[in-house]
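Student: This is my_file.cif, which holds mmCIF, C-alpha atoms:
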data_start
#
loop_
_atom_site.group_PDB
_atom_site.id
_atom_site.type_symbol
_atom_site.label_atom_id
_atom_site.label_comp_id
_atom_site.auth_asym_id
_atom_site.auth_seq_id
_atom_site.Cartn_x
_atom_site.Cartn_y
_atom_site.Cartn_z
ATOM 1 C CA MET V 1 55.058 29.449 -0.467
ATOM 2 C CA SER V 2 52.144 30.120 -2.836
ATOM 3 C CA VAL V 3 52.422 30.576 -6.609
ATOM 4 C CA GLY V 4 51.741 34.284 -6.116
ATOM 5 C CA THR V 5 54.540 34.588 -3.583
ATOM 6 C CA GLU V 6 56.945 32.767 -5.897
ATOM 7 C CA ILE V 7 56.081 35.150 -8.751
ATOM 8 C CA TYR V 8 56.598 38.072 -6.371
ATOM 9 C CA ARG V 9 60.025 36.735 -5.361
ATOM 10 C CA LYS V 10 61.249 36.292 -8.927
ATOM 11 C CA THR V 11 59.896 39.675 -9.995
ATOM 12 C CA LEU V 12 61.509 41.540 -7.112
ATOM 13 C CA LEU V 13 64.887 39.860 -7.663
ATOM 14 C CA THR V 14 64.725 40.789 -11.346
ATOM 15 C CA VAL V 15 63.852 44.419 -10.607
ATOM 16 C CA ALA V 16 66.473 44.627 -7.865
ATOM 17 C CA GLY V 17 69.116 43.507 -10.369
ATOM 18 C CA ASN V 18 68.514 46.648 -12.437
ATOM 19 C CA LYS V 19 71.421 49.063 -11.932
ATOM 20 C CA ALA V 20 69.206 52.162 -11.802
ATOM 21 C CA VAL V 21 67.029 50.567 -9.117
ATOM 22 C CA GLU V 22 70.144 49.581 -7.181
ATOM 23 C CA ASN V 23 71.539 53.122 -7.317
ATOM 24 C CA LEU V 24 68.269 54.635 -6.099
ATOM 25 C CA SER V 25 67.942 52.074 -3.332
ATOM 26 C CA ILE V 26 71.472 52.656 -2.086
ATOM 27 C CA ARG V 27 70.890 56.397 -2.126
ATOM 28 C CA TYR V 28 67.555 56.426 -0.330
ATOM 29 C CA GLY V 29 67.026 53.022 1.284
ATOM 30 C CA LYS V 30 69.819 52.633 3.831
ATOM 31 C CA LYS V 31 67.642 53.643 6.786
ATOM 32 C CA LEU V 32 65.006 51.104 5.791
ATOM 33 C CA ALA V 33 67.621 48.377 5.350
ATOM 34 C CA GLY V 34 68.639 48.938 8.958
ATOM 35 C CA LYS V 35 65.750 46.688 9.992
ATOM 36 C CA PHE V 36 67.801 43.712 8.809
ATOM 37 C CA ILE V 37 71.327 44.965 9.564
ATOM 38 C CA ALA V 38 72.879 45.035 13.064
ATOM 39 C CA GLY V 39 74.966 48.139 12.352
ATOM 40 C CA ASN V 40 77.810 49.455 10.227
ATOM 41 C CA THR V 41 80.578 48.343 12.582
ATOM 42 C CA LEU V 42 81.750 45.198 14.314
ATOM 43 C CA GLU V 43 81.330 46.861 17.688
ATOM 44 C CA GLU V 44 77.653 47.622 16.985
ATOM 45 C CA ALA V 45 77.054 44.044 15.863
ATOM 46 C CA LEU V 46 78.704 42.571 18.954
ATOM 47 C CA GLU V 47 76.460 44.724 21.147
ATOM 48 C CA GLU V 48 73.420 43.289 19.378
ATOM 49 C CA ILE V 49 74.753 39.755 19.830
ATOM 50 C CA HIS V 50 75.089 40.283 23.577
ATOM 51 C CA ILE V 51 71.435 41.351 23.667
ATOM 52 C CA LEU V 52 70.464 38.201 21.773
ATOM 53 C CA ASN V 53 72.617 35.969 23.977
ATOM 54 C CA ASN V 54 70.922 37.378 27.085
ATOM 55 C CA LYS V 55 67.627 36.164 25.614
ATOM 56 C CA GLY V 56 68.995 32.662 25.056
ATOM 57 C CA ILE V 57 69.575 33.188 21.329
ATOM 58 C CA MET V 58 72.881 32.181 19.747
ATOM 59 C CA ALA V 59 74.302 34.067 16.771
ATOM 60 C CA THR V 60 76.315 33.722 13.610
ATOM 61 C CA LEU V 61 78.114 36.916 12.641
ATOM 62 C CA ASP V 62 78.475 38.022 9.027
ATOM 63 C CA HIS V 63 80.345 40.994 7.559
ATOM 64 C CA LEU V 64 78.377 42.017 4.486
ATOM 65 C CA GLY V 65 80.064 41.951 1.108
ATOM 66 C CA GLU V 66 79.995 39.871 -2.075
ATOM 67 C CA GLY V 67 80.789 40.130 -5.774
ATOM 68 C CA ILE V 68 83.999 42.114 -5.321
ATOM 69 C CA THR V 69 85.956 43.355 -8.363
ATOM 70 C CA ARG V 70 89.535 43.520 -6.986
ATOM 71 C CA LEU V 71 91.628 41.155 -4.900
ATOM 72 C CA SER V 72 92.663 44.090 -2.745
ATOM 73 C CA GLU V 73 89.036 44.211 -1.564
ATOM 74 C CA ALA V 74 89.214 40.514 -0.652
ATOM 75 C CA ALA V 75 92.292 41.172 1.474
ATOM 76 C CA LEU V 76 90.423 43.895 3.346
ATOM 77 C CA TYR V 77 87.488 41.565 3.986
ATOM 78 C CA ARG V 78 89.885 38.834 5.149
ATOM 79 C CA ASP V 79 91.478 41.218 7.628
ATOM 80 C CA GLU V 80 88.065 42.363 8.886
ATOM 81 C CA TYR V 81 87.083 38.727 9.439
ATOM 82 C CA VAL V 82 90.215 38.099 11.460
ATOM 83 C CA ARG V 83 89.224 41.127 13.553
ATOM 84 C CA LEU V 84 85.688 39.740 13.757
ATOM 85 C CA VAL V 85 86.950 36.402 15.071
ATOM 86 C CA GLU V 86 89.093 38.163 17.663
ATOM 87 C CA GLY V 87 86.110 40.313 18.655
ATOM 88 C CA ILE V 88 83.855 37.305 19.265
ATOM 89 C CA ALA V 89 86.560 35.641 21.344
ATOM 90 C CA ARG V 90 87.371 38.793 23.308
ATOM 91 C CA GLU V 91 83.715 39.504 24.096
ATOM 92 C CA LYS V 92 83.016 35.828 24.839
ATOM 93 C CA ALA V 93 79.980 36.093 22.568
ATOM 94 C CA ASP V 94 77.976 32.942 21.825
ATOM 95 C CA SER V 95 78.449 33.244 18.091
ATOM 96 C CA ASN V 96 79.722 31.421 15.032
ATOM 97 C CA VAL V 97 81.131 33.077 11.896
ATOM 98 C CA SER V 98 79.644 33.239 8.395
ATOM 99 C CA LEU V 99 81.439 34.392 5.254
ATOM 100 C CA LYS V 100 80.845 34.353 1.508
ATOM 101 C CA PRO V 101 83.467 32.826 -0.830
ATOM 102 C CA THR V 102 83.155 35.562 -3.472
ATOM 103 C CA GLN V 103 83.789 38.105 -0.732
ATOM 104 C CA MET V 104 87.168 36.432 -0.253
ATOM 105 C CA GLY V 105 88.020 36.457 -3.960
ATOM 106 C CA LEU V 106 86.674 33.114 -5.238
ATOM 107 C CA ALA V 107 85.376 34.549 -8.534
ATOM 108 C CA LEU V 108 88.602 36.476 -9.245
ATOM 109 C CA ASP V 109 91.324 34.040 -8.185
ATOM 110 C CA PRO V 110 90.111 30.752 -6.648
ATOM 111 C CA GLU V 111 93.474 29.953 -5.056
ATOM 112 C CA GLU V 112 93.822 33.389 -3.482
ATOM 113 C CA GLY V 113 90.209 33.170 -2.351
ATOM 114 C CA TYR V 114 90.930 29.842 -0.699
ATOM 115 C CA ARG V 115 93.980 31.213 1.102
ATOM 116 C CA ASN V 116 91.924 34.103 2.464
ATOM 117 C CA ILE V 117 89.207 31.753 3.702
ATOM 118 C CA ARG V 118 91.789 29.422 5.204
ATOM 119 C CA THR V 119 93.362 32.312 7.117
ATOM 120 C CA VAL V 120 90.008 33.099 8.733
ATOM 121 C CA ALA V 121 89.231 29.445 9.469
ATOM 122 C CA ALA V 122 92.664 28.870 11.033
ATOM 123 C CA GLN V 123 92.291 31.945 13.238
ATOM 124 C CA ALA V 124 88.823 30.784 14.288
ATOM 125 C CA LYS V 125 90.149 27.332 15.183
ATOM 126 C CA LEU V 126 92.567 28.929 17.641
ATOM 127 C CA HIS V 127 89.516 30.213 19.532
ATOM 128 C CA ASP V 128 87.390 27.083 19.043
ATOM 129 C CA LEU V 129 84.989 28.981 16.763
ATOM 130 C CA PHE V 130 82.986 27.507 13.891
ATOM 131 C CA VAL V 131 83.054 29.106 10.418
ATOM 132 C CA ARG V 132 80.150 28.672 8.021
ATOM 133 C CA ILE V 133 81.125 29.045 4.361
ATOM 134 C CA ASP V 134 77.915 30.504 2.955
ATOM 135 C CA MET V 135 76.431 29.194 -0.278
ATOM 136 C CA GLU V 136 75.850 31.713 -3.037
ATOM 137 C CA ASP V 137 74.179 31.239 -6.429
ATOM 138 C CA SER V 138 74.599 28.017 -8.427
ATOM 139 C CA PRO V 139 77.754 28.924 -10.455
ATOM 140 C CA PHE V 140 79.650 28.726 -7.148
ATOM 141 C CA THR V 141 78.042 25.624 -5.636
ATOM 142 C CA GLN V 142 80.686 23.072 -6.587
ATOM 143 C CA ALA V 143 83.584 25.420 -5.841
ATOM 144 C CA THR V 144 82.166 26.136 -2.374
ATOM 145 C CA LEU V 145 81.791 22.443 -1.555
ATOM 146 C CA ASP V 146 85.347 21.851 -2.786
ATOM 147 C CA ILE V 147 86.638 24.619 -0.509
ATOM 148 C CA VAL V 148 85.076 23.047 2.583
ATOM 149 C CA ARG V 149 86.351 19.594 1.652
ATOM 150 C CA ARG V 150 89.852 21.021 1.227
ATOM 151 C CA LEU V 151 89.672 22.804 4.579
ATOM 152 C CA HIS V 152 88.666 19.545 6.264
ATOM 153 C CA SER V 153 91.513 17.679 4.540
ATOM 154 C CA GLU V 154 93.904 20.200 6.111
ATOM 155 C CA GLY V 155 92.510 19.634 9.595
ATOM 156 C CA LEU V 156 90.169 22.622 9.731
ATOM 157 C CA HIS V 157 87.113 20.671 10.839
ATOM 158 C CA ASN V 158 85.664 23.829 12.415
ATOM 159 C CA THR V 159 84.130 24.657 9.025
ATOM 160 C CA GLY V 160 80.895 23.785 7.282
ATOM 161 C CA THR V 161 78.686 25.085 4.521
ATOM 162 C CA VAL V 162 75.087 25.474 3.332
ATOM 163 C CA LEU V 163 72.877 23.385 1.055
ATOM 164 C CA GLN V 164 69.876 24.832 -0.741
ATOM 165 C CA ALA V 165 66.764 22.705 -1.113
ATOM 166 C CA TYR V 166 65.697 24.179 -4.448
ATOM 167 C CA LEU V 167 68.738 22.893 -6.373
ATOM 168 C CA HIS V 168 68.305 19.601 -8.252
ATOM 169 C CA ARG V 169 71.741 18.423 -7.129
ATOM 170 C CA THR V 170 71.116 18.896 -3.404
ATOM 171 C CA GLU V 171 69.843 15.400 -2.572
ATOM 172 C CA GLU V 172 73.134 13.857 -3.692
ATOM 173 C CA ASP V 173 75.184 16.641 -2.096
ATOM 174 C CA THR V 174 73.400 16.076 1.217
ATOM 175 C CA ARG V 175 74.303 12.381 1.228
ATOM 176 C CA ASP V 176 77.932 13.188 0.386
ATOM 177 C CA MET V 177 78.289 15.871 3.052
ATOM 178 C CA ILE V 178 76.767 13.675 5.760
ATOM 179 C CA ARG V 179 79.117 10.824 4.831
ATOM 180 C CA GLU V 180 82.118 13.186 4.952
ATOM 181 C CA GLY V 181 81.132 14.631 8.335
ATOM 182 C CA ILE V 182 80.684 18.209 7.117
ATOM 183 C CA ARG V 183 78.227 20.306 9.119
ATOM 184 C CA LEU V 184 75.473 21.951 7.113
ATOM 185 C CA ARG V 185 72.963 24.754 7.331
ATOM 186 C CA LEU V 186 69.841 23.638 5.452
ATOM 187 C CA VAL V 187 67.874 26.334 3.592
ATOM 188 C CA LYS V 188 65.269 26.615 0.844
ATOM 189 C CA GLY V 189 67.411 28.927 -1.318
ATOM 190 C CA ALA V 190 67.140 32.662 -1.956
ATOM 191 C CA TYR V 191 68.723 33.333 -5.367
ATOM 192 C CA LYS V 192 67.025 33.564 -8.736
ATOM 193 C CA GLU V 193 67.863 30.302 -10.512
ATOM 194 C CA PRO V 194 66.748 28.790 -13.847
ATOM 195 C CA GLY V 195 64.671 25.640 -14.096
ATOM 196 C CA SER V 196 67.662 23.751 -15.460
ATOM 197 C CA VAL V 197 69.339 23.780 -12.048
ATOM 198 C CA ALA V 198 66.558 24.507 -9.535
ATOM 199 C CA TYR V 199 63.023 23.375 -8.805
ATOM 200 C CA GLN V 200 60.492 26.046 -9.702
ATOM 201 C CA ASN V 201 57.579 24.353 -7.954
ATOM 202 C CA THR V 202 57.219 25.242 -4.287
ATOM 203 C CA SER V 203 55.930 21.820 -3.274
ATOM 204 C CA GLU V 204 59.029 20.165 -4.722
ATOM 205 C CA VAL V 205 61.289 22.537 -2.788
ATOM 206 C CA ILE V 206 59.437 21.841 0.475
ATOM 207 C CA HIS V 207 59.589 18.099 -0.145
ATOM 208 C CA GLN V 208 63.348 18.199 -0.682
ATOM 209 C CA PHE V 209 63.817 20.467 2.351
ATOM 210 C CA LYS V 210 62.017 17.961 4.578
ATOM 211 C CA THR V 211 64.012 15.100 3.090
ATOM 212 C CA MET V 212 67.273 16.901 3.923
ATOM 213 C CA ILE V 213 66.159 17.484 7.521
ATOM 214 C CA ARG V 214 64.906 13.910 7.902
ATOM 215 C CA ASN V 215 68.150 12.414 6.584
ATOM 216 C CA HIS V 216 70.189 14.442 9.084
ATOM 217 C CA LEU V 217 68.025 13.684 12.097
ATOM 218 C CA ASP V 218 67.670 9.980 11.278
ATOM 219 C CA GLN V 219 71.453 9.574 11.052
ATOM 220 C CA GLY V 220 72.161 11.473 14.256
ATOM 221 C CA VAL V 221 73.874 14.327 12.449
ATOM 222 C CA TYR V 222 73.602 17.735 14.123
ATOM 223 C CA THR V 223 71.104 19.671 12.035
ATOM 224 C CA ALA V 224 70.782 23.420 11.419
ATOM 225 C CA VAL V 225 67.361 24.234 9.959
ATOM 226 C CA ALA V 226 67.300 27.786 8.601
ATOM 227 C CA SER V 227 63.710 28.842 7.951
ATOM 228 C CA HIS V 228 61.050 31.348 8.967
ATOM 229 C CA ASP V 229 58.323 29.022 7.703
ATOM 230 C CA ASP V 230 56.044 27.880 10.530
ATOM 231 C CA HIS V 231 55.205 24.732 8.577
ATOM 232 C CA ILE V 232 58.872 23.676 8.379
ATOM 233 C CA ILE V 233 59.573 24.636 11.999
ATOM 234 C CA ASN V 234 56.537 22.801 13.385
ATOM 235 C CA TRP V 235 57.169 19.790 11.151
ATOM 236 C CA THR V 236 60.778 19.547 12.402
ATOM 237 C CA LYS V 237 59.698 19.803 16.036
ATOM 238 C CA GLN V 238 57.051 17.114 15.609
ATOM 239 C CA TYR V 239 59.341 14.804 13.625
ATOM 240 C CA ALA V 240 61.987 15.016 16.347
ATOM 241 C CA LYS V 241 59.414 14.465 19.106
ATOM 242 C CA ASP V 242 57.874 11.443 17.385
ATOM 243 C CA ARG V 243 61.294 9.779 17.106
ATOM 244 C CA GLY V 244 62.563 10.709 20.529
ATOM 245 C CA ILE V 245 65.245 13.017 19.147
ATOM 246 C CA SER V 246 66.562 15.509 21.713
ATOM 247 C CA PRO V 247 66.145 19.246 21.025
ATOM 248 C CA ASP V 248 69.936 19.443 21.515
ATOM 249 C CA ALA V 249 70.387 17.450 18.296
ATOM 250 C CA PHE V 250 69.359 20.340 16.066
ATOM 251 C CA GLU V 251 68.948 24.089 15.948
ATOM 252 C CA PHE V 252 66.707 26.549 14.177
ATOM 253 C CA GLN V 253 68.233 29.531 12.435
ATOM 254 C CA MET V 254 66.558 32.810 11.530
ATOM 255 C CA LEU V 255 67.668 36.206 10.299
ATOM 256 C CA TYR V 256 68.245 39.344 12.309
ATOM 257 C CA GLY V 257 65.212 41.615 12.109
ATOM 258 C CA LEU V 258 62.767 38.893 11.131
ATOM 259 C CA ARG V 259 60.422 37.138 13.559
ATOM 260 C CA MET V 260 62.438 38.195 16.585
ATOM 261 C CA SER V 261 59.577 37.402 18.990
ATOM 262 C CA GLU V 262 59.381 33.906 17.494
ATOM 263 C CA GLN V 263 63.110 33.470 18.047
ATOM 264 C CA GLU V 264 62.652 34.376 21.717
ATOM 265 C CA ARG V 265 59.693 32.015 22.012
ATOM 266 C CA LEU V 266 61.678 29.068 20.599
ATOM 267 C CA ALA V 267 64.494 29.803 23.048
ATOM 268 C CA LYS V 268 62.042 29.841 25.964
ATOM 269 C CA GLU V 269 60.609 26.527 24.776
ATOM 270 C CA GLY V 270 64.078 24.996 25.137
ATOM 271 C CA TYR V 271 65.024 24.839 21.488
ATOM 272 C CA ARG V 272 68.409 25.903 20.199
ATOM 273 C CA ILE V 273 67.923 29.021 18.066
ATOM 274 C CA ARG V 274 70.614 30.952 16.205
ATOM 275 C CA CYS V 275 70.221 34.422 14.683
ATOM 276 C CA TYR V 276 72.149 35.342 11.529
ATOM 277 C CA VAL V 277 73.551 38.795 12.364
ATOM 278 C CA PRO V 278 74.976 40.846 9.457
ATOM 279 C CA TYR V 279 76.796 44.161 9.729
ATOM 280 C CA GLY V 280 78.584 46.514 7.356
ATOM 281 C CA THR V 281 77.864 49.016 4.600
ATOM 282 C CA MET V 282 77.568 46.626 1.612
ATOM 283 C CA TRP V 283 73.961 45.821 2.423
ATOM 284 C CA TYR V 284 72.101 46.055 -0.912
ATOM 285 C CA PRO V 285 72.329 42.428 -2.235
ATOM 286 C CA TYR V 286 71.520 40.981 1.169
ATOM 287 C CA TYR V 287 68.651 43.428 1.700
ATOM 288 C CA THR V 288 66.969 42.675 -1.628
ATOM 289 C CA ARG V 289 67.065 38.924 -0.971
ATOM 290 C CA ARG V 290 65.337 39.529 2.360
ATOM 291 C CA LEU V 291 62.592 41.580 0.703
ATOM 292 C CA ALA V 292 62.189 38.916 -1.957
ATOM 293 C CA GLU V 293 61.513 36.149 0.538
ATOM 294 C CA LYS V 294 57.892 37.159 1.049
ATOM 295 C CA PRO V 295 55.572 40.139 0.421
ATOM 296 C CA ALA V 296 55.203 40.737 4.174
ATOM 297 C CA ASN V 297 58.836 41.849 4.377
ATOM 298 C CA LEU V 298 58.302 44.484 1.685
ATOM 299 C CA TRP V 299 55.048 45.590 3.307
ATOM 300 C CA MET V 300 56.857 46.036 6.623
ATOM 301 C CA VAL V 301 59.393 48.346 4.931
ATOM 302 C CA VAL V 302 56.670 50.321 3.135
ATOM 303 C CA LYS V 303 54.853 50.911 6.429
ATOM 304 C CA ASN V 304 58.086 52.154 7.999
ATOM 305 C CA MET V 305 58.490 54.671 5.164
ATOM 306 C CA PHE V 306 55.341 56.491 6.290
ATOM 307 C CA ARG V 307 56.078 56.522 10.037
#
Rewrite the structure of this file - the entire thing - as structure tokens.

Tutor:
Amino acid sequence: MSVGTEIYRKTLLTVAGNKAVENLSIRYGKKLAGKFIAGNTLEEALEEIHILNNKGIMATLDHLGEGITRLSEAALYRDEYVRLVEGIAREKADSNVSLKPTQMGLALDPEEGYRNIRTVAAQAKLHDLFVRIDMEDSPFTQATLDIVRRLHSEGLHNTGTVLQAYLHRTEEDTRDMIREGIRLRLVKGAYKEPGSVAYQNTSEVIHQFKTMIRNHLDQGVYTAVASHDDHIINWTKQYAKDRGISPDAFEFQMLYGLRMSEQERLAKEGYRIRCYVPYGTMWYPYYTRRLAEKPANLWMVVKNMFR
């Protein structure tokens, strides 16, 4: 990521956080956001997952929603996730589950949020499904790690979380999670964070990202590398090849609507590839983070506006 791209990312996230911009985007931008969203309903998302599965692409299914203001909303999300789990099992879809802790009430009542997450994880375990507890911005990092540790202590080993390469604390967290046997998705990080908690220099982020991947592969820990960056993808493939590490020992993860032809190509090459498939109506925060990842995403949306 160049300096210009990093400035673009920070600027767009700042602008997107403006309430007036959010209101206008929600009013006029839903059709454009559809590029990155698999539909409003679970049924629409499951149809998309079947299409992906037929191309050799696995999925992780996410019901959009975060930053709720009432615990009654968390209960509704919990119930939808139980329905989501049952839908994956019923359809025999090759898919995991992803959820956000704040969606389940973490910021409002941590204990109630945990109970909601545990309900989903326990239901998923009945169907031998894996649940990824997504990582949000840095105020929730420690609480999210604590949730996954608590789930594991209660026998719910079908859960894991995400570590973000741009956080200063991630090197130590990676070592701890590997030692504790907690499965991770490794990412660069997509939230706007201050220099006190996150690297601001792209080269430092890339270096830490590679270190995270290397530590997993070297210790024989199943590795989920979530990136659209050709440099990271090619580096991971070459590192594994040089050390005789089987392609079954790791997977690449990408987002629905981005680099879909590349996802198909990786599958045809024999690599494990998983597509993050979101659905629902609460799309704005997710959508703006996608646009902020690189100028090409915004340019793609602008071109679609004039078609």

Student: Taking into account all atoms listed in the file, which residue in the set V:Asp94, V:Glu204, V:Glu112, V:Glu172 is nearest to V:Val277?

Tutor: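 Of V:Asp94, V:Glu204, V:Glu112, V:Glu172, the one nearest V:Val277, counting all atoms listed in the file, is V:Asp94.
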
Student: Mind pulling up the distance from atom CA of V:Glu264 to atom CA of V:Asp242?

Tutor: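 Spanning atom CA of V:Asp242 to atom CA of V:Glu264 is a straight-line distance of 23.8 Å.
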
Student: Could you give me, as an NGL selection string, the residues within 7 Å of stretch 81-92 of chain V, counting only C-alpha atoms and dropping anything in the same chain fewer than 2 positions from it?

Tutor: :V and (42 or 77-79 or 94-95 or 120 or 123-124 or 127)

Student: Using all atoms listed in the file, collect all residues at a distance of at most 10 Å from (65.4, 30.2, -7.4) as written in the file, then present them as a list in words.

Tutor: Glu6, Arg9, Lys10, Leu13, Asp137, Ser138, Gln164, Ala165, Tyr166, Leu167, Lys188, Gly189, Ala190, Tyr191, Lys192, Glu193, Pro194, Gly195, Val197, Ala198, Tyr199, Gln200, Asn201 and Val205 of chain V

Student: Which residue, V:Thr281, V:Asn40, V:Gln263, V:Ser98, has the smallest gap to V:Asn53 when you use only C-alpha atoms?

Tutor: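 Among V:Thr281, V:Asn40, V:Gln263, V:Ser98, it is V:Gln263 that comes nearest to V:Asn53.
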
Student: Report the residues retrieved by the PyMOL selection byres ((chain V and resi 115) around 12) from the displayed file, expressed as a count of residues only.

Tutor: 24

Student: For V:Leu76, which residue among V:Gln103, V:Asn54, V:Gln219, V:Asp62 is the nearest when counting all atoms listed in the file?

Tutor: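 Checking each candidate against V:Leu76, we get V:Gln103 as the closest.
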
Student: Name the residues captured by the PyMOL selection byres ((chain V and resi 96) around 6) when it is applied to the shown file; answer as a PyMOL selection string.

Tutor: chain V and resi 60+95+97+130

Student: Looking at V:Ala240, V:Ile273, V:Val187, V:Ile178, which one is nearest to V:Asn215, with distances taken over all atoms listed in the file?

Tutor: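 The answer is V:Ile178, which sits nearest to V:Asn215.
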
Student: List the residues matched by the PyMOL selection byres ((chain V and resi 226) around 8) in the displayed structure as a list in words, ordered by chain and then by residue number.

Tutor: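 Applied to this file, the PyMOL selection byres ((chain V and resi 226) around 8) returns Arg185, Leu186, Val187, Ala224, Val225, Ser227, His228, Phe252, Gln253 and Met254 of chain V.
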
Student: In Å, rounded to a single decimal, give me how far atom CA of V:Met135 is from atom CA of V:Glu80.

Tutor: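 Here the two named atoms are 19.8 Å from each other.
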
Student: To one decimal in Å, tell me the separation between atom CA of V:His157 and atom CA of V:Lys125.

Tutor: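 Between these atoms lies a distance of 8.5 Å.
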
Student: Need the axis-aligned box for stretch 68-73 of chain V with 3 Å each side, so what are the centre and edges in Å to one decimal, as lines of an AutoDock Vina configuration file?

Tutor:
center_x = 88.3
center_y = 42.7
center_z = -5.0
size_x = 14.7
size_y = 9.1
size_z = 12.8

Student: For V:Tyr279, which residue out of V:Tyr256, V:Asn158, V:Ser72, V:Gln142 is the nearest one, using only C-alpha atoms?

Tutor: V:Tyr256

Student: Taking all atoms listed in the file into account, which of V:Leu266, V:Leu258, V:Cys275, V:Leu156 comes nearest V:Lys35?

Tutor: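 Looking at the shortest contact to V:Lys35, the residue is V:Leu258.
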
Student: Would you pick out the contacts of V:Arg149 at 10 Å or less, using all atoms listed in the file, so that residues sharing its chain but fewer than 3 positions from it are not included, and give the list as a PyMOL selection string?

Tutor: chain V and resi 143-146+152-154+156-157+159-161+177+180-182
